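Coordinates from coords.cif are shown below (mmCIF, C-alpha atoms and all ligand atoms).
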data_query
#
loop_
_atom_site.group_PDB
_atom_site.id
_atom_site.type_symbol
_atom_site.label_atom_id
_atom_site.label_comp_id
_atom_site.auth_asym_id
_atom_site.auth_seq_id
_atom_site.Cartn_x
_atom_site.Cartn_y
_atom_site.Cartn_z
ATOM 1 C CA MET A 1 -2.493 18.008 3.534
ATOM 2 C CA SER A 2 -5.747 16.705 2.169
ATOM 3 C CA VAL A 3 -7.956 14.829 4.629
ATOM 4 C CA ARG A 4 -10.698 12.592 3.339
ATOM 5 C CA LYS A 5 -14.170 12.339 4.864
ATOM 6 C CA SER A 6 -13.411 9.352 7.115
ATOM 7 C CA PRO A 7 -9.725 9.783 7.971
ATOM 8 C CA MET A 8 -9.584 7.372 10.922
ATOM 9 C CA ARG A 9 -10.085 3.647 11.254
ATOM 10 C CA LEU A 10 -10.058 1.197 14.116
ATOM 11 C CA PHE A 11 -8.306 -2.089 13.313
ATOM 12 C CA MET A 12 -9.109 -5.216 15.323
ATOM 13 C CA GLN A 13 -7.244 -8.404 14.492
ATOM 14 C CA PRO A 14 -6.562 -11.749 16.187
ATOM 15 C CA ARG A 15 -3.157 -13.364 16.643
ATOM 16 C CA GLY A 16 -1.738 -14.737 13.408
ATOM 17 C CA HIS A 17 -3.419 -12.158 11.173
ATOM 18 C CA VAL A 18 -0.939 -10.998 8.511
ATOM 19 C CA THR A 19 -1.302 -8.355 5.813
ATOM 20 C CA LEU A 20 0.127 -8.881 2.362
ATOM 21 C CA PRO A 21 3.053 -6.490 1.978
ATOM 22 C CA HIS A 22 1.612 -3.340 0.404
ATOM 23 C CA TYR A 23 1.796 0.415 0.382
ATOM 24 C CA ASP A 24 -1.306 2.477 0.971
ATOM 25 C CA GLY A 25 -3.150 3.823 -2.046
ATOM 26 C CA ASN A 26 -4.146 7.473 -2.487
ATOM 27 C CA SER A 27 -0.550 8.467 -1.562
ATOM 28 C CA LEU A 28 -1.520 8.230 2.095
ATOM 29 C CA HIS A 29 0.678 9.152 5.018
ATOM 30 C CA GLY A 30 -0.391 7.065 8.004
ATOM 31 C CA PHE A 31 -0.240 7.423 11.760
ATOM 32 C CA ASN A 32 -0.854 4.167 13.588
ATOM 33 C CA GLN A 33 -1.310 3.832 17.323
ATOM 34 C CA GLN A 34 -1.163 0.525 19.151
ATOM 35 C CA VAL A 35 -3.910 0.473 21.799
ATOM 36 C CA ILE A 36 -4.110 -3.212 22.804
ATOM 37 C CA GLY A 37 -1.804 -6.134 21.888
ATOM 38 C CA LYS A 38 1.365 -6.133 19.850
ATOM 39 C CA LYS A 39 2.204 -5.946 16.159
ATOM 40 C CA LYS A 40 5.310 -6.815 14.226
ATOM 41 C CA TRP A 41 5.998 -4.505 11.299
ATOM 42 C CA ILE A 42 8.304 -5.084 8.358
ATOM 43 C CA VAL A 43 8.700 -1.756 6.563
ATOM 44 C CA THR A 44 10.525 -1.527 3.233
ATOM 45 C CA SER A 45 11.930 1.586 1.580
ATOM 46 C CA PRO A 46 10.053 2.919 -1.471
ATOM 47 C CA ASN A 47 13.433 2.851 -3.200
ATOM 48 C CA THR A 48 13.768 -0.937 -2.941
ATOM 49 C CA PRO A 49 10.144 -1.899 -3.537
ATOM 50 C CA LEU A 50 8.969 -5.473 -3.725
ATOM 51 C CA PRO A 51 7.417 -6.352 -7.096
ATOM 52 C CA ASN A 52 3.865 -4.982 -7.301
ATOM 53 C CA ILE A 53 0.657 -6.573 -8.505
ATOM 54 C CA PRO A 54 0.068 -4.832 -11.867
ATOM 55 C CA PHE A 55 -1.539 -1.405 -11.347
ATOM 56 C CA MET A 56 -2.107 -2.093 -7.637
ATOM 57 C CA PHE A 57 -0.513 -1.373 -4.272
ATOM 58 C CA ALA A 58 -0.048 -4.894 -2.913
ATOM 59 C CA SER A 59 3.214 -6.724 -3.477
ATOM 60 C CA LEU A 60 3.470 -9.591 -5.894
ATOM 61 C CA VAL A 61 5.169 -12.103 -3.617
ATOM 62 C CA GLY A 62 4.426 -15.708 -2.694
ATOM 63 C CA LYS A 63 3.844 -17.380 0.671
ATOM 64 C CA ASN A 64 7.493 -18.175 1.261
ATOM 65 C CA PHE A 65 8.855 -14.768 0.364
ATOM 66 C CA LYS A 66 11.933 -13.797 2.403
ATOM 67 C CA TYR A 67 13.311 -10.274 2.608
ATOM 68 C CA ASN A 68 16.850 -10.472 1.275
ATOM 69 C CA PRO A 69 18.876 -7.711 2.972
ATOM 70 C CA ARG A 70 21.139 -7.493 -0.076
ATOM 71 C CA VAL A 71 18.130 -6.581 -2.235
ATOM 72 C CA TYR A 72 15.692 -4.820 0.082
ATOM 73 C CA ASP A 73 16.258 -1.930 2.467
ATOM 74 C CA PHE A 74 13.836 -2.926 5.230
ATOM 75 C CA TYR A 75 13.381 -2.509 8.954
ATOM 76 C CA GLU A 76 11.557 -4.795 11.361
ATOM 77 C CA PHE A 77 10.134 -3.683 14.708
ATOM 78 C CA GLU A 78 7.228 -4.194 17.105
ATOM 79 C CA THR A 79 4.637 -1.785 18.450
ATOM 80 C CA VAL A 80 3.165 -2.125 21.941
ATOM 81 C CA PRO A 81 0.350 -0.153 23.625
ATOM 82 C CA GLY A 82 1.147 3.550 23.636
ATOM 83 C CA ASP A 83 3.374 3.441 20.566
ATOM 84 C CA LEU A 84 2.411 5.720 17.688
ATOM 85 C CA ILE A 85 4.217 5.294 14.383
ATOM 86 C CA PHE A 86 4.355 7.573 11.390
ATOM 87 C CA LEU A 87 4.368 5.705 8.098
ATOM 88 C CA PRO A 88 5.267 8.071 5.234
ATOM 89 C CA ARG A 89 3.554 7.540 1.878
ATOM 90 C CA TYR A 90 4.778 4.672 -0.320
ATOM 91 C CA MET A 91 6.526 2.794 2.515
ATOM 92 C CA VAL A 92 5.751 -0.876 1.907
ATOM 93 C CA HIS A 93 4.531 -2.588 5.084
ATOM 94 C CA GLU A 94 3.692 -6.109 6.178
ATOM 95 C CA VAL A 95 2.021 -6.299 9.571
ATOM 96 C CA HIS A 96 1.677 -9.329 11.859
ATOM 97 C CA SER A 97 -0.762 -9.385 14.793
ATOM 98 C CA MET A 98 0.997 -11.023 17.734
ATOM 99 C CA GLU A 99 -1.433 -11.129 20.697
ATOM 100 C CA PRO A 100 -4.898 -12.741 21.096
ATOM 101 C CA VAL A 101 -6.479 -9.279 20.692
ATOM 102 C CA ASN A 102 -4.792 -6.453 18.757
ATOM 103 C CA LEU A 103 -6.388 -3.062 18.457
ATOM 104 C CA ASN A 104 -4.990 -0.086 16.562
ATOM 105 C CA LEU A 105 -6.132 3.383 15.619
ATOM 106 C CA ASN A 106 -5.074 4.525 12.149
ATOM 107 C CA TRP A 107 -5.231 8.089 10.822
ATOM 108 C CA VAL A 108 -4.459 8.988 7.207
ATOM 109 C CA CYS A 109 -3.951 12.067 5.047
ATOM 110 C CA THR A 110 -2.651 12.769 1.544
ATOM 111 C CA PRO A 111 -0.056 15.489 0.926
ATOM 112 C CA THR A 112 -1.321 17.963 -1.657
ATOM 113 C CA SER A 113 1.950 17.778 -3.623
ATOM 114 C CA PRO A 114 3.523 14.703 -5.209
ATOM 115 C CA ASN A 115 6.931 13.418 -4.156
ATOM 116 C CA GLU A 116 8.915 11.816 -6.937
ATOM 117 C CA SER A 117 12.062 11.217 -4.924
ATOM 118 C CA SER A 118 11.450 7.473 -4.716
ATOM 119 C CA ILE A 119 10.752 4.647 -7.161
ATOM 120 C CA LEU A 120 7.253 4.161 -5.771
ATOM 121 C CA GLY A 121 6.580 7.903 -5.695
ATOM 122 C CA ARG A 122 7.315 8.007 -9.423
ATOM 123 C CA ARG A 123 5.219 4.882 -10.047
ATOM 124 C CA GLU A 124 2.269 6.461 -8.253
ATOM 125 C CA VAL A 125 2.203 9.677 -10.311
ATOM 126 C CA GLU A 126 2.490 7.619 -13.515
ATOM 127 C CA ILE A 127 -0.424 5.449 -12.410
ATOM 128 C CA VAL A 128 -2.489 8.537 -11.519
ATOM 129 C CA LYS A 129 -1.858 9.811 -15.056
ATOM 130 C CA LEU A 130 -2.858 6.418 -16.490
ATOM 131 C CA ARG A 131 -6.058 6.338 -14.425
ATOM 132 C CA LYS A 132 -6.867 9.882 -15.537
ATOM 133 C CA THR A 133 -6.195 9.157 -19.211
ATOM 134 C CA LEU A 134 -7.660 5.640 -19.445
ATOM 135 C CA PRO A 135 -10.586 5.526 -16.988
ATOM 136 C CA LEU A 136 -11.238 1.888 -17.938
ATOM 137 C CA ILE A 137 -8.273 1.014 -15.726
ATOM 138 C CA ASN A 138 -10.182 2.307 -12.708
ATOM 139 C CA LYS A 139 -13.106 -0.004 -13.337
ATOM 140 C CA ALA A 140 -10.822 -2.984 -13.893
ATOM 141 C CA PHE A 141 -8.397 -2.625 -11.002
ATOM 142 C CA PHE A 142 -9.434 -0.148 -8.358
ATOM 143 C CA PRO A 143 -12.277 -0.517 -5.875
ATOM 144 C CA ASP A 144 -12.027 3.099 -4.728
ATOM 145 C CA ASN A 145 -13.592 6.068 -6.412
ATOM 146 C CA PHE A 146 -10.817 7.768 -8.418
ATOM 147 C CA SER A 147 -12.727 11.035 -8.618
ATOM 148 C CA SER A 148 -12.204 11.481 -4.868
ATOM 149 C CA TYR A 149 -8.483 10.632 -4.940
ATOM 150 C CA GLY A 150 -6.871 11.632 -1.650
ATOM 151 C CA GLY A 151 -10.092 13.287 -0.450
ATOM 152 C CA GLN A 152 -9.886 16.219 -2.882
ATOM 153 C CA GLY A 153 -10.270 14.437 -6.192
ATOM 154 C CA GLN A 154 -9.624 16.314 -9.413
ATOM 155 C CA GLU A 155 -7.369 18.969 -7.963
ATOM 156 C CA LEU A 156 -5.021 16.344 -6.509
ATOM 157 C CA ILE A 157 -5.249 14.168 -9.614
ATOM 158 C CA ASP A 158 -4.110 17.118 -11.728
ATOM 159 C CA ARG A 159 -1.304 18.082 -9.359
ATOM 160 C CA TYR A 160 0.009 14.526 -9.114
ATOM 161 C CA SER A 161 -0.071 13.824 -12.844
ATOM 162 C CA ARG A 162 1.103 17.252 -14.125
ATOM 163 C CA GLU A 163 4.766 16.342 -14.652
ATOM 164 C CA VAL A 164 4.113 12.975 -16.331
ATOM 165 C CA SER A 165 4.514 12.983 -20.109
ATOM 166 C CA ASN A 166 2.490 10.683 -22.336
ATOM 167 C CA THR A 167 5.647 8.711 -23.184
ATOM 168 C CA ARG A 168 6.371 8.161 -19.522
ATOM 169 C CA MET A 169 2.762 7.113 -18.929
ATOM 170 C CA LEU A 170 2.934 4.567 -21.761
ATOM 171 C CA LYS A 171 6.215 3.172 -20.415
ATOM 172 C CA ARG A 172 4.440 2.667 -17.104
ATOM 173 C CA LEU A 173 1.611 0.839 -18.857
ATOM 174 C CA VAL A 174 4.131 -1.536 -20.447
ATOM 175 C CA LYS A 175 5.925 -2.086 -17.112
ATOM 176 C CA GLU A 176 2.659 -2.948 -15.376
ATOM 177 C CA LEU A 177 1.583 -5.330 -18.135
ATOM 178 C CA ALA A 178 4.989 -7.049 -17.863
ATOM 179 C CA GLY A 179 3.993 -8.161 -14.348
ATOM 180 C CA TYR A 180 1.234 -10.462 -15.624
ATOM 181 C CA PRO A 181 3.308 -13.652 -16.127
ATOM 182 C CA ARG A 182 4.487 -13.449 -12.499
ATOM 183 C CA LEU A 183 0.915 -12.705 -11.395
ATOM 184 C CA LEU A 184 -0.355 -15.823 -13.158
ATOM 185 C CA VAL A 185 2.282 -17.956 -11.410
ATOM 186 C CA LEU A 186 1.488 -16.547 -7.954
ATOM 187 C CA ALA A 187 -2.279 -15.964 -8.332
ATOM 188 C CA LYS A 188 -3.336 -18.961 -6.231
ATOM 189 C CA GLN A 189 -1.020 -18.104 -3.336
ATOM 190 C CA LEU A 190 -2.051 -14.454 -3.413
ATOM 191 C CA LYS A 191 -5.717 -15.403 -3.362
ATOM 192 C CA GLU A 192 -5.169 -17.692 -0.375
ATOM 193 C CA ARG A 193 -3.372 -14.947 1.525
ATOM 194 C CA ALA A 194 -6.062 -12.399 0.636
ATOM 195 C CA ASN A 195 -8.840 -14.758 1.778
ATOM 196 C CA GLU A 196 -7.049 -15.432 5.055
ATOM 197 C CA PHE A 197 -6.634 -11.681 5.535
ATOM 198 C CA SER A 198 -10.335 -10.955 4.924
ATOM 199 C CA LYS A 199 -11.551 -13.844 7.065
ATOM 200 C CA ASN A 200 -9.707 -12.664 10.161
ATOM 201 C CA ASN A 201 -9.772 -8.916 9.632
ATOM 202 C CA PHE A 202 -11.777 -7.263 12.457
ATOM 203 C CA ASN A 203 -12.484 -10.776 13.775
ATOM 204 C CA VAL A 204 -11.607 -10.589 17.471
ATOM 205 C CA LYS A 205 -13.594 -12.158 20.296
HETATM 206 FE FE FE B 301 -1.596 -0.297 4.934
#
Represent the structure of the file as structure tokens.
Ligand SMILES: [Fe+2]
Amino acid sequence: MSVRKSPMRLFMQPRGHVTLPHYDGNSLHGFNQQVIGKKKWIVTSPNTPLPNIPFMFASLVGKNFKYNPRVYDFYEFETVPGDLIFLPRYMVHEVHSMEPVNLNLNWVCTPTSPNESSILGRREVEIVKLRKTLPLINKAFFPDNFSSYGGQGQELIDRYSREVSNTRMLKRLVKELAGYPRLLVLAKQLKERANEFSKNNFNVK
């Protein structure tokens, strides 16, 4: 496992705070402990992923998105104080804060080897190869510093992208670009949800 410099975060959110469905970047495994309050989690398999925002980790879904059990393999549950969950890399999660004050500890690490056994695992290594080959993509889409991917940077970048051919990388580029019409349709709703998320993130009294 590769552990980055600051591998733990404290989340504080008020009731009603909701994350956009997303999977964590940097191929992170997560461990999340509920300390105060209660959270509802909707976790979706990386083999039935929701559509993604082009090049990014958040899902491209509108405000009224419903998880159709015939399309998505998902599981819904709640965490209460004392619960610790393990969220393997690429598991899409949407998290609702249920109590007036919700406090969680979150630890992350990145496995040093890729895992291409899922649709999102394959997408991630293709995107790592794209980011390595066309660094402009990093500037345009990613706030994080690619050169420290997963805490170890170049070594992990090379390991994750090693099996991806140029043809496969270009197919990925085309697939991501094909998401733009849907992004244009949903942009306003996504922005509203993202603003709501930022406004209330860490905002507990
Ligand atoms: Fe997350």
Could you tell me which residues the PyMOL selection byres (((chain A and resi 56-66) around 8) and not hetatm) grabs in this file, written as a PyMOL selection string? chain A and resi 20-25+50-55+67-68+141-142+182-183+186+189-190+193
Any chance you could tabulate, as a Markdown table, the residues of chain A at most 12 Å from ligand FE 301 (chain B) with each one's nearest atom pair and distance in Å to one decimal, using all atoms listed in the file, in chain and rising number order?
| residue | atom | partner | partner_atom | distance |
| --- | --- | --- | --- | --- |
| A:Arg9 | CA | B:FE301 | FE | 11.3 |
| A:Phe11 | CA | B:FE301 | FE | 10.9 |
| A:Val18 | CA | B:FE301 | FE | 11.3 |
| A:Thr19 | CA | B:FE301 | FE | 8.1 |
| A:Leu20 | CA | B:FE301 | FE | 9.1 |
| A:Pro21 | CA | B:FE301 | FE | 8.3 |
| A:His22 | CA | B:FE301 | FE | 6.3 |
| A:Tyr23 | CA | B:FE301 | FE | 5.7 |
| A:Asp24 | CA | B:FE301 | FE | 4.8 |
| A:Gly25 | CA | B:FE301 | FE | 8.3 |
| A:Asn26 | CA | B:FE301 | FE | 11.0 |
| A:Ser27 | CA | B:FE301 | FE | 11.0 |
| A:Leu28 | CA | B:FE301 | FE | 9.0 |
| A:His29 | CA | B:FE301 | FE | 9.7 |
| A:Gly30 | CA | B:FE301 | FE | 8.1 |
| A:Phe31 | CA | B:FE301 | FE | 10.4 |
| A:Asn32 | CA | B:FE301 | FE | 9.8 |
| A:Trp41 | CA | B:FE301 | FE | 10.8 |
| A:Ile42 | CA | B:FE301 | FE | 11.5 |
| A:Val43 | CA | B:FE301 | FE | 10.5 |
| A:Phe57 | CA | B:FE301 | FE | 9.3 |
| A:Ala58 | CA | B:FE301 | FE | 9.2 |
| A:Ser59 | CA | B:FE301 | FE | 11.6 |
| A:Phe86 | CA | B:FE301 | FE | 11.8 |
| A:Leu87 | CA | B:FE301 | FE | 9.0 |
| A:Pro88 | CA | B:FE301 | FE | 10.8 |
| A:Arg89 | CA | B:FE301 | FE | 9.9 |
| A:Tyr90 | CA | B:FE301 | FE | 9.6 |
| A:Met91 | CA | B:FE301 | FE | 9.0 |
| A:Val92 | CA | B:FE301 | FE | 8.0 |
| A:His93 | CA | B:FE301 | FE | 6.5 |
| A:Glu94 | CA | B:FE301 | FE | 8.0 |
| A:Val95 | CA | B:FE301 | FE | 8.4 |
| A:His96 | CA | B:FE301 | FE | 11.8 |
| A:Asn106 | CA | B:FE301 | FE | 9.3 |
| A:Trp107 | CA | B:FE301 | FE | 10.9 |
| A:Val108 | CA | B:FE301 | FE | 10.0 |
Applied to this file, what does the PyMOL selection byres (((chain A and resi 170) around 12) and not hetatm) return in terms of residues, put as number ranges by chain? A: 123, 126-127, 129-131, 133-134, 164-169, 171-177
Within 9 Å of (14.7, -2.1, 9.5) in the file's own coordinates, which protein, DNA or RNA residues have an atom, counting all atoms listed in the file? List them as a ChimeraX atom specification. /A:42-44,73-77
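Interatomic distance, atom CA of A:Pro81 against atom CA of A:Pro100: 13.9 Å.
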